[in-house]
Structures are given as structure tokens and as C-alpha cells.
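Source file: my_file.csv. Holds: CSV, C-alpha atoms.
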```csv
chain,number,residue,atom,x,y,z
A,1,MET,CA,-9.2,19.2,-29.8
A,2,ILE,CA,-8.5,16.0,-28.0
A,3,GLU,CA,-9.5,12.9,-29.9
A,4,LEU,CA,-10.0,9.6,-28.1
A,5,ALA,CA,-10.6,7.1,-30.8
A,6,GLY,CA,-10.7,3.6,-29.5
A,7,VAL,CA,-11.6,4.5,-25.9
A,8,PRO,CA,-15.0,3.1,-25.0
A,9,GLU,CA,-17.7,5.0,-23.2
A,10,LEU,CA,-16.7,4.9,-19.6
A,11,ILE,CA,-18.8,4.0,-16.6
A,12,ASP,CA,-18.7,6.5,-13.7
A,13,PRO,CA,-15.0,7.2,-14.3
A,14,VAL,CA,-12.6,8.4,-11.6
A,15,MET,CA,-9.2,9.8,-12.6
A,16,VAL,CA,-6.4,8.7,-10.3
A,17,ALA,CA,-3.1,10.5,-10.7
A,18,ALA,CA,0.4,10.4,-9.3
A,19,PHE,CA,3.7,12.0,-10.3
A,20,GLU,CA,7.3,11.0,-9.6
A,21,GLY,CA,9.4,13.7,-8.0
A,22,TRP,CA,8.8,16.3,-5.3
A,23,ASN,CA,5.4,14.9,-4.2
A,24,ASP,CA,6.4,11.2,-4.2
A,25,ALA,CA,8.5,10.4,-1.2
A,26,GLY,CA,9.7,6.8,-1.3
A,27,ASP,CA,8.0,6.5,-4.7
A,28,ALA,CA,4.9,5.5,-2.7
A,29,ALA,CA,2.3,7.4,-4.8
A,30,SER,CA,3.6,6.5,-8.3
A,31,ALA,CA,4.0,2.9,-7.2
A,32,ALA,CA,0.3,2.9,-6.1
A,33,VAL,CA,-0.9,4.0,-9.5
A,34,ALA,CA,1.5,1.5,-11.1
A,35,HIS,CA,-0.1,-1.2,-9.0
A,36,LEU,CA,-3.6,-0.4,-10.2
A,37,ASP,CA,-2.4,-0.4,-13.8
A,38,ARG,CA,-0.7,-3.8,-13.4
A,39,GLU,CA,-3.4,-5.5,-11.4
A,40,TRP,CA,-6.2,-4.4,-13.7
A,41,LYS,CA,-4.2,-4.6,-16.9
A,42,GLY,CA,-4.6,-1.0,-17.9
A,43,GLU,CA,-4.5,0.0,-21.6
A,44,VAL,CA,-2.5,3.1,-22.4
A,45,PHE,CA,-4.5,5.4,-24.7
A,46,ALA,CA,-2.6,8.7,-24.6
A,47,ALA,CA,0.9,10.1,-23.7
A,48,LEU,CA,1.7,13.8,-23.4
A,49,ASP,CA,4.3,15.2,-25.7
A,50,ALA,CA,7.6,15.0,-23.8
A,51,GLU,CA,9.1,17.9,-25.8
A,52,ASP,CA,6.4,20.3,-24.3
A,53,TYR,CA,7.0,19.6,-20.6
A,54,TYR,CA,10.3,18.0,-19.8
A,55,ASP,CA,13.9,19.1,-19.5
A,56,PHE,CA,15.8,16.1,-20.8
A,57,GLN,CA,19.0,17.1,-18.9
A,58,VAL,CA,16.9,16.7,-15.7
A,59,ASN,CA,14.8,13.7,-16.7
A,60,ARG,CA,16.9,11.9,-19.3
A,61,PRO,CA,15.5,9.4,-21.9
A,62,THR,CA,16.6,5.8,-21.7
A,63,VAL,CA,17.9,3.6,-24.5
A,64,TRP,CA,17.0,-0.1,-24.7
A,65,LEU,CA,17.2,-3.0,-27.1
A,66,ASP,CA,14.1,-4.6,-28.7
A,67,GLY,CA,15.6,-7.7,-30.2
A,68,GLY,CA,18.5,-6.2,-32.1
A,69,THR,CA,16.9,-2.8,-32.5
A,70,ARG,CA,17.8,0.2,-30.3
A,71,LYS,CA,14.8,2.2,-29.0
A,72,ILE,CA,14.3,5.2,-26.8
A,73,THR,CA,11.8,5.8,-24.1
A,74,TRP,CA,11.1,9.4,-23.4
A,75,PRO,CA,10.1,10.7,-20.0
A,76,THR,CA,6.5,11.7,-20.1
A,77,THR,CA,3.0,11.3,-18.6
A,78,ARG,CA,0.8,8.5,-19.8
A,79,LEU,CA,-2.9,7.9,-19.4
A,80,SER,CA,-4.5,4.4,-19.3
A,81,VAL,CA,-8.0,3.1,-18.6
A,82,VAL,CA,-9.0,0.1,-16.5
A,83,ARG,CA,-12.5,-1.4,-16.0
A,84,VAL,CA,-13.1,-2.7,-12.5
A,85,GLN,CA,-15.6,-5.5,-12.7
A,86,GLY,CA,-18.1,-6.3,-9.9
A,87,PRO,CA,-21.7,-5.8,-8.8
A,88,THR,CA,-21.3,-2.2,-9.9
A,89,PRO,CA,-18.6,-1.9,-12.7
A,90,ARG,CA,-16.6,1.3,-12.8
A,91,ASP,CA,-13.8,2.7,-14.8
A,92,LEU,CA,-10.6,4.3,-13.6
A,93,VAL,CA,-8.5,6.7,-15.7
A,94,LEU,CA,-4.9,6.3,-14.5
A,95,VAL,CA,-2.4,9.1,-14.9
A,96,ARG,CA,1.2,8.3,-14.1
A,97,GLY,CA,4.3,10.3,-15.0
A,98,ILE,CA,7.0,12.6,-13.8
A,99,GLU,CA,6.5,16.1,-12.4
A,100,PRO,CA,7.0,18.3,-15.5
A,101,SER,CA,9.9,20.6,-15.7
A,102,MET,CA,8.0,23.5,-17.4
A,103,ARG,CA,4.7,24.8,-18.7
A,104,TRP,CA,2.7,23.5,-15.7
A,105,ARG,CA,-0.5,25.3,-16.6
A,106,SER,CA,-0.5,23.9,-20.1
A,107,PHE,CA,0.2,20.5,-18.7
A,108,CYS,CA,-2.7,20.6,-16.3
A,109,ASN,CA,-5.0,22.1,-19.0
A,110,GLU,CA,-4.2,19.1,-21.2
A,111,LEU,CA,-5.1,16.7,-18.5
A,112,MET,CA,-8.3,18.6,-17.8
A,113,GLY,CA,-9.1,18.2,-21.5
A,114,PHE,CA,-8.9,14.5,-21.2
A,115,ALA,CA,-11.0,14.5,-18.0
A,116,HIS,CA,-13.7,16.5,-19.8
A,117,GLU,CA,-13.8,14.4,-22.9
A,118,LEU,CA,-13.9,11.2,-20.8
A,119,GLY,CA,-16.6,12.4,-18.5
A,120,VAL,CA,-14.5,12.1,-15.3
A,121,GLU,CA,-16.6,12.5,-12.2
A,122,MET,CA,-13.9,12.9,-9.6
A,123,VAL,CA,-10.1,13.3,-9.6
A,124,VAL,CA,-8.0,11.7,-6.8
A,125,ILE,CA,-4.4,12.7,-6.7
A,126,LEU,CA,-2.0,10.6,-4.7
A,127,GLY,CA,1.1,12.0,-3.0
A,128,ALA,CA,3.7,11.0,-0.4
A,129,LEU,CA,5.8,13.3,1.9
A,130,LEU,CA,8.6,12.9,4.4
A,131,GLY,CA,7.5,13.3,8.0
A,132,ASP,CA,8.4,12.6,11.6
A,133,THR,CA,6.5,9.3,11.7
A,134,PRO,CA,7.9,6.0,13.0
A,135,HIS,CA,8.1,3.1,10.6
A,136,THR,CA,6.7,0.8,13.3
A,137,ARG,CA,3.3,2.4,13.3
A,138,PRO,CA,0.4,2.5,10.7
A,139,VAL,CA,1.2,4.8,7.9
A,140,PRO,CA,-0.7,8.1,8.3
A,141,VAL,CA,-2.8,8.9,5.2
A,142,THR,CA,-4.5,12.3,5.1
A,143,GLY,CA,-7.3,13.1,2.7
A,144,VAL,CA,-7.5,16.7,1.7
A,145,THR,CA,-9.8,18.8,-0.5
A,146,SER,CA,-10.4,22.4,-1.2
A,147,ASP,CA,-14.2,21.9,-1.5
A,148,PRO,CA,-16.0,22.4,1.9
A,149,ASP,CA,-19.0,20.4,0.9
A,150,LEU,CA,-16.8,17.5,-0.3
A,151,ALA,CA,-14.8,17.7,3.0
A,152,ARG,CA,-18.0,17.3,5.0
A,153,THR,CA,-19.4,14.5,2.8
A,154,LEU,CA,-16.3,12.4,2.7
A,155,ASN,CA,-14.9,13.3,6.1
A,156,LEU,CA,-11.8,14.9,4.7
A,157,GLU,CA,-9.7,17.8,5.8
A,158,GLU,CA,-10.2,21.2,4.1
A,159,SER,CA,-6.9,22.5,2.6
A,160,ARG,CA,-5.8,25.9,4.0
A,161,TYR,CA,-2.2,25.6,2.9
A,162,GLU,CA,-0.3,28.7,1.8
A,163,GLY,CA,3.3,28.4,0.4
A,164,PRO,CA,5.3,26.6,-2.3
A,165,THR,CA,3.6,23.8,-4.1
A,166,GLY,CA,4.3,21.0,-6.6
A,167,ILE,CA,2.4,19.7,-9.6
A,168,VAL,CA,-0.1,18.1,-7.3
A,169,GLY,CA,-1.2,21.5,-5.9
A,170,ILE,CA,-1.4,23.0,-9.4
A,171,LEU,CA,-3.4,20.1,-10.8
A,172,GLN,CA,-5.8,20.3,-7.9
A,173,GLU,CA,-6.3,24.0,-8.5
A,174,ALA,CA,-6.9,23.3,-12.2
A,175,CYS,CA,-9.6,20.7,-11.3
A,176,ILE,CA,-11.3,23.3,-9.1
A,177,HIS,CA,-11.5,25.8,-12.0
A,178,ALA,CA,-12.8,23.0,-14.2
A,179,GLY,CA,-15.5,22.2,-11.7
A,180,ILE,CA,-14.4,18.6,-11.1
A,181,PRO,CA,-14.5,17.4,-7.4
A,182,THR,CA,-10.9,16.6,-6.4
A,183,VAL,CA,-9.3,14.9,-3.4
A,184,SER,CA,-5.6,14.5,-2.5
A,185,LEU,CA,-4.5,11.5,-0.5
A,186,TRP,CA,-1.1,11.9,1.2
A,187,ALA,CA,1.0,9.2,2.9
A,188,ALA,CA,3.6,10.2,5.4
A,189,VAL,CA,6.9,8.4,4.9
A,190,PRO,CA,9.5,8.2,7.7
A,191,HIS,CA,12.2,10.7,6.8
A,192,TYR,CA,15.0,8.5,8.2
A,193,VAL,CA,14.1,5.7,5.7
A,194,SER,CA,13.2,7.6,2.6
A,195,GLN,CA,15.0,5.4,0.1
A,196,PRO,CA,12.4,3.9,-2.3
A,197,PRO,CA,10.5,1.6,-2.6
A,198,ASN,CA,8.2,1.9,0.4
A,199,PRO,CA,5.5,-0.7,-0.1
A,200,LYS,CA,4.0,-0.1,3.3
A,201,ALA,CA,3.2,3.5,2.3
A,202,THR,CA,2.0,2.4,-1.1
A,203,LEU,CA,-0.4,-0.2,0.5
A,204,ALA,CA,-1.7,2.5,2.9
A,205,LEU,CA,-2.5,4.8,0.0
A,206,LEU,CA,-4.4,2.0,-1.8
A,207,ASN,CA,-6.3,1.1,1.3
A,208,ARG,CA,-7.5,4.7,1.7
A,209,LEU,CA,-8.2,5.0,-2.0
A,210,GLU,CA,-10.5,1.9,-2.0
A,211,ASP,CA,-12.4,3.3,1.0
A,212,LEU,CA,-12.8,6.6,-0.8
A,213,ILE,CA,-14.1,5.3,-4.2
A,214,ASP,CA,-15.8,2.2,-2.8
A,215,LEU,CA,-13.8,-0.4,-4.8
A,216,ARG,CA,-11.9,-3.4,-3.7
A,217,ILE,CA,-8.3,-3.2,-4.9
A,218,PRO,CA,-6.4,-6.5,-5.3
A,219,PRO,CA,-3.4,-6.2,-2.9
A,220,GLY,CA,-1.1,-8.5,-5.0
A,221,GLU,CA,2.2,-9.0,-3.3
A,222,LEU,CA,2.1,-5.7,-1.4
A,223,PRO,CA,1.2,-7.1,2.0
A,224,GLU,CA,4.1,-9.4,1.9
A,225,ASP,CA,6.4,-6.7,0.6
A,226,ALA,CA,5.4,-4.3,3.4
A,227,ARG,CA,6.1,-6.9,6.1
A,228,ALA,CA,9.5,-7.6,4.7
A,229,TRP,CA,10.2,-3.9,4.3
A,230,GLN,CA,9.4,-3.3,8.0
A,231,LEU,CA,11.5,-6.2,9.1
A,232,GLY,CA,14.4,-4.9,7.2
A,233,VAL,CA,14.1,-1.5,8.7
A,234,ASP,CA,13.7,-3.0,12.2
A,235,GLN,CA,17.0,-4.8,11.7
A,236,LEU,CA,18.9,-1.7,10.4
A,237,ALA,CA,17.5,0.4,13.3
A,238,ALA,CA,18.5,-2.2,15.8
A,239,GLU,CA,22.1,-2.0,14.6
A,240,ASP,CA,22.3,1.7,15.4
A,241,SER,CA,21.5,2.7,19.0
A,242,GLU,CA,21.0,6.3,18.2
A,243,VAL,CA,18.4,5.5,15.5
A,244,ALA,CA,16.7,3.0,17.7
A,245,GLU,CA,16.4,5.7,20.4
A,246,TYR,CA,15.1,8.2,17.9
A,247,VAL,CA,12.4,5.7,16.6
A,248,GLN,CA,11.3,5.1,20.2
A,249,THR,CA,10.9,8.9,20.7
A,250,LEU,CA,8.8,9.1,17.6
A,251,GLU,CA,6.7,6.1,18.7
A,252,GLU,CA,6.0,7.8,22.1
A,253,ALA,CA,5.1,11.1,20.4
A,254,ARG,CA,2.8,9.3,17.9
A,255,ASP,CA,1.0,7.3,20.6
A,256,THR,CA,0.5,10.3,22.8
A,257,ALA,CA,-0.9,12.3,20.0
A,258,GLU,CA,-3.4,9.6,19.1
A,259,LEU,CA,-4.8,9.1,22.6
A,260,PRO,CA,-7.6,11.7,22.1
A,261,GLU,CA,-8.7,9.7,19.0
A,262,ALA,CA,-9.7,6.8,21.2
A,263,SER,CA,-13.2,8.1,21.4
A,264,GLY,CA,-16.4,6.1,20.9
A,265,GLU,CA,-16.9,7.5,17.5
A,266,ALA,CA,-13.4,6.7,16.3
A,267,ILE,CA,-13.6,3.2,17.7
A,268,ALA,CA,-16.9,2.6,16.0
A,269,ARG,CA,-15.5,3.9,12.7
A,270,GLU,CA,-12.6,1.5,12.8
A,271,PHE,CA,-14.8,-1.4,13.8
A,272,GLU,CA,-17.0,-0.7,10.7
A,273,ARG,CA,-13.9,-0.7,8.5
A,274,TYR,CA,-12.9,-4.0,10.0
A,275,LEU,CA,-16.3,-5.6,9.3
A,276,ARG,CA,-16.2,-4.4,5.7
A,277,ARG,CA,-12.8,-5.9,5.1
A,278,ARG,CA,-13.7,-9.1,6.8
A,279,ASP,CA,-16.8,-9.5,4.6
A,280,GLY,CA,-14.8,-8.9,1.4
A,281,GLN,CA,-16.3,-5.5,0.7
A,282,PRO,CA,-14.0,-2.6,-0.4
A,283,GLY,CA,-11.0,-2.5,1.7
A,284,SER,CA,-11.1,-6.2,2.6
A,285,HIS,CA,-7.4,-7.1,2.2
A,286,ALA,CA,-4.9,-5.5,4.6
A,287,THR,CA,-5.2,-2.7,7.1
A,288,GLU,CA,-3.5,0.7,6.8
A,289,SER,CA,-0.7,-0.6,8.9
A,290,GLY,CA,0.7,-1.7,5.5
A,291,GLU,CA,1.6,-5.1,6.7
A,292,GLY,CA,3.0,-6.7,3.8
A,293,GLY,CA,7.4,-7.7,0.0
A,294,PRO,CA,10.8,-8.4,-0.5
A,295,PHE,CA,13.1,-5.9,1.0
A,296,LEU,CA,14.1,-4.9,-2.5
A,297,ARG,CA,16.6,-2.2,-1.6
A,298,GLY,CA,18.0,-1.5,1.8
A,299,PRO,CA,16.6,1.7,3.3
A,300,GLN,CA,19.2,4.3,4.1
A,301,LEU,CA,19.0,5.5,7.7
A,302,ALA,CA,19.5,9.2,8.0
A,303,ARG,CA,22.5,10.4,9.9
A,304,ASP,CA,23.4,13.6,11.6
A,305,ASP,CA,23.8,15.6,8.3
A,306,ASP,CA,20.4,14.6,7.1
A,307,ARG,CA,18.8,15.5,10.4
A,308,ALA,CA,20.5,18.9,10.5
A,309,GLU,CA,19.2,19.6,7.0
A,310,ARG,CA,15.7,18.5,7.9
A,311,ASP,CA,15.7,20.6,11.1
A,312,ASP,CA,16.8,23.6,9.0
A,313,ARG,CA,14.0,23.0,6.6
A,314,ALA,CA,11.5,22.7,9.4
A,315,GLU,CA,12.5,26.1,10.7
A,316,ARG,CA,11.6,27.6,7.3
A,317,ASP,CA,8.4,25.6,6.6
A,318,ASP,CA,5.1,25.8,8.4
A,319,GLY,CA,4.6,22.0,8.2
A,320,ASP,CA,1.7,22.0,5.7
A,321,PRO,CA,1.3,19.2,3.1
A,322,GLU,CA,1.9,21.0,-0.1
A,323,HIS,CA,5.6,21.6,0.9
A,324,PRO,CA,6.9,18.0,1.3
A,325,GLY,CA,10.0,19.0,3.2
A,326,GLY,CA,8.3,19.8,6.5
A,327,PRO,CA,7.9,17.2,9.3
A,328,GLU,CA,4.2,17.8,9.9
A,329,GLU,CA,3.0,17.8,6.3
A,330,SER,CA,-0.1,15.8,5.6
A,331,GLY,CA,-1.1,16.6,2.0
A,332,GLN,CA,-2.3,19.3,-0.2
```

How does this structure look as C-alpha cells?
Amino acid sequence: MIELAGVPELIDPVMVAAFEGWNDAGDAASAAVAHLDREWKGEVFAALDAEDYYDFQVNRPTVWLDGGTRKITWPTTRLSVVRVQGPTPRDLVLVRGIEPSMRWRSFCNELMGFAHELGVEMVVILGALLGDTPHTRPVPVTGVTSDPDLARTLNLEESRYEGPTGIVGILQEACIHAGIPTVSLWAAVPHYVSQPPNPKATLALLNRLEDLIDLRIPPGELPEDARAWQLGVDQLAAEDSEVAEYVQTLEEARDTAELPEASGEAIAREFERYLRRRDGQPGSHATESGEGGPFLRGPQLARDDDRAERDDRAERDDGDPEHPGGPEESGQ
């Protein structure tokens, strides 16, 4: 039995989860949940037992000093709760951790126990994957669900993926069996600049999340961070003619693929989003282009060996989102 002493009764709670590892290219998804926790001053109320789910030779604990006392932080998954004030207050249950090494079914069952006890109305799982997308264009974010009714209601894609999956896929399946509506949001990170952090992808995920759950998310320093990140990648690409040519090829392919989207319905939808953000409603900060932080660590541009490995993976994968190695993946 899960006891939640000290946790107040929640208002229309939505659980937002992200996990470091296979489903977190550029740390974009885990950074998004960390941003929510930081901006809204989340209070941790539970942590899963690290002994049950993690191989400490894969995810090692860290030692740190508190004053003169040595302490250990164990790799785990923590749950915190934040209350979002506004005309219609709402609570978010934030789940942030590392993809577990073992006992995935028990791991997900434990999270579902918390969701049940807290009265969670919907689960949103954030992910990020590597793809053939240029860093100079808006970050593609795909919303996916296995619920046909939810797909129609929220204008999401219905997942039909078959193949290897990560903890995101397992958790989504657990939510389905628990009867909790679930959506996965996936950001595509350029494979040739996969080194974290990627604030542009993080910002794009948060923009899509706020549209989905109808809450305005404070952007903090992310818009500035994303602008600086893109400038840094522009400079590195300009120094390598081969990479610059490759980026141009991706741009042309992306622009050509998006031409059919320039329909009256698509233009109207984007105009409505612009008006909402201009008027300070949910989504009013930055666009999904992810304009916006210090270029904290220089992105590593992929060279021939990386491309050969990626091409080899692409031959094996069918390009669906649950398998983050493929170039066309868009989310589970």
C-alpha cells in the first residue's frame, strides 16, 4: 500500500514524466521536467527504492560533501508535486529519473500506484530522439497516443509502432492497462549535434506541453539559451564545409516535406496559436522554433564514423518513434 502522508488533495492532477537514457536525446526531455520542477518549486514527496531497479555499475551513485560530512546520492526516480496558480489552478505530478536497469513491470506498477492514489487524470510522457532534422528549423514535436478517441480529440497521432522499446513505451502500456489517458510527446534532435544540453528541443517540448494541458509554462532562461545554442551550432557548422552542405540538404528536404502543410487549415491553426501566445494565454512565450541560453557545452558534430553507424542502424530500423536510433522516429 502506498502512503502519501503530507501530500494535499490535488486539483485535476496531470502526471508529467521523463527519464534519462535511451529515450532522452540531448537530455531534452529530462531537462523539460527539471525546468517545470525548478520554475514551480516542486516538493519531492517520494523516491523509488534504487536497490530495486538500478544496476549501480551502470548508473553509479555519487559522493558529495555537506559541510564536512560525506553523503551519497543514489540514482533513482523521484516524484514531486507543483501547484500551478491561475484562473483555474491545477496540480502537476512530476516524475523524473533514470531509465531503470531491471524490473520494468514492477517499476511501472509502482508509478501507477502513485497515479491511482493521487487521482491522476492524464499522464504525459516526454521523450527525445535523434533524427535527420536540421538545427536551423523549428524542432519537430510529435504527439502520440494509443487511444483512438484521445487521438481524435487532441489531434494526435495514433501509435502503431512495432519493435524494441524503452521505458517510455512500457510505461505508456501500463497506463493503458490502468485506464489512464496517456500521451507521449517526442522532440526530434539533430543527430549530428546530439551532445547535451539541447535547450531548443527542451523549449519545443514545453511549448507543446502547455498547449496540450492548457497551462502557461514560464520559459525562464530557455529562450535565451536556445538562441545561443543555435548560434553556437551555426558557427561550428560553418567551419566544416561538409557539415554545412549536409545541413543544407536537410533543410531542403524538410522544407519540401512541409509544403503540403501550407493548407488553409494549417495556416489558421498556427494563427490561432500566435494569437493565444500574444494575448498571454497558454503558450504565450516562445514559439516551437525554440529560440532561446548560454552555449553551455559545445555540440559535437558527427563525422563519417557516426554517419556510417547511423546509416547502418537506419537499415535495421523501420523509423518509428519507440526505437530512438532511426532517422524518421517521432515518438511512441

If we count only C-alpha atoms and set the cut-off at 6 Å, which residues sit around region 111-123 of chain A, ignoring sequence neighbours fewer than 3 positions away in its own chain? Please answer as a list in words. Pro13, Val14, Met15, Val16, Cys108, Ile180, Pro181 and Thr182 of chain A

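Between Arg254 (chain A) and the candidates A:Asp55, A:Asp66, A:Asp132, A:Asp225, the tightest atom-to-atom separation, counting all atoms listed in the file, involves A:Asp132.
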
Near Val144 (chain A), within 10 Å and counting all atoms listed in the file, which residues show up once chain neighbours fewer than 3 positions away are dropped, as a list in words? Val124, Ile125, Val141, Asp147, Leu150, Ala151, Leu154, Asn155, Leu156, Glu157, Glu158, Ser159, Arg160, Thr182, Val183, Ser184, Leu185, Trp186, Pro321, Ser330, Gly331 and Gln332 of chain A

For CA of Ile11 (chain A) and CA of Glu173 (chain A), the interatomic separation in Å (one decimal):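 Calculated distance between CA of Ile11 (chain A) and CA of Glu173 (chain A) is 24.9 Å.
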
Would you mind listing what lies within 9 Å of Val139 (chain A) as a VMD selection string, with all atoms listed in the file counted and same-chain residues fewer than 2 positions away left out? chain A and resid 133 to 137 141 187 to 190 200 to 201 204 to 205 288 to 290

For Val44 (chain A): contacts at 8 Å, all atoms listed in the file, fewer than 6 positions along chain excluded, given as a list in words: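 My reading of the contact set: Arg78, Leu79, Ser80 and Val81 of chain A.
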
Distance in Å - CA of Asn59 (chain A) versus CA of Pro75 (chain A):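 CA of Asn59 (chain A) sits 6.5 Å away from CA of Pro75 (chain A).
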
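Residue nearest Leu222 (chain A), chosen from A:Asp12, A:Glu242, A:Gln248, A:Pro197 and counting only C-alpha atoms: A:Pro197.
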
Figure out the distance between CA of Lys71 (chain A) and CA of Gly42 (chain A), please, to one decimal in Å.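 So the answer is 22.6 Å.
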
Between A:Pro219, A:Gly232, A:Gly179, A:Gly166, single out the one closest to Glu99 (chain A), counting all atoms listed in the file.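 Result for the nearest residue to Glu99 (chain A): A:Gly166.
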
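With all atoms listed in the file as the atoms that count, the minimum distance from Asp27 (chain A) to the choices A:Ala228, A:Ala244, A:Ala253, A:Ile98 is reached by A:Ile98.
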
Let me make sure I understand: among A:Pro138, A:Leu92, A:Ala18, A:Leu203, which one has the smallest atom-to-atom distance to Asp255 (chain A) if we use all atoms listed in the file?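 Closest candidate: A:Pro138.
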
Using all atoms listed in the file, the best pick from A:Thr202, A:Thr76, A:Thr165, A:Gln235 as closest to Gly26 (chain A) would be A:Thr202
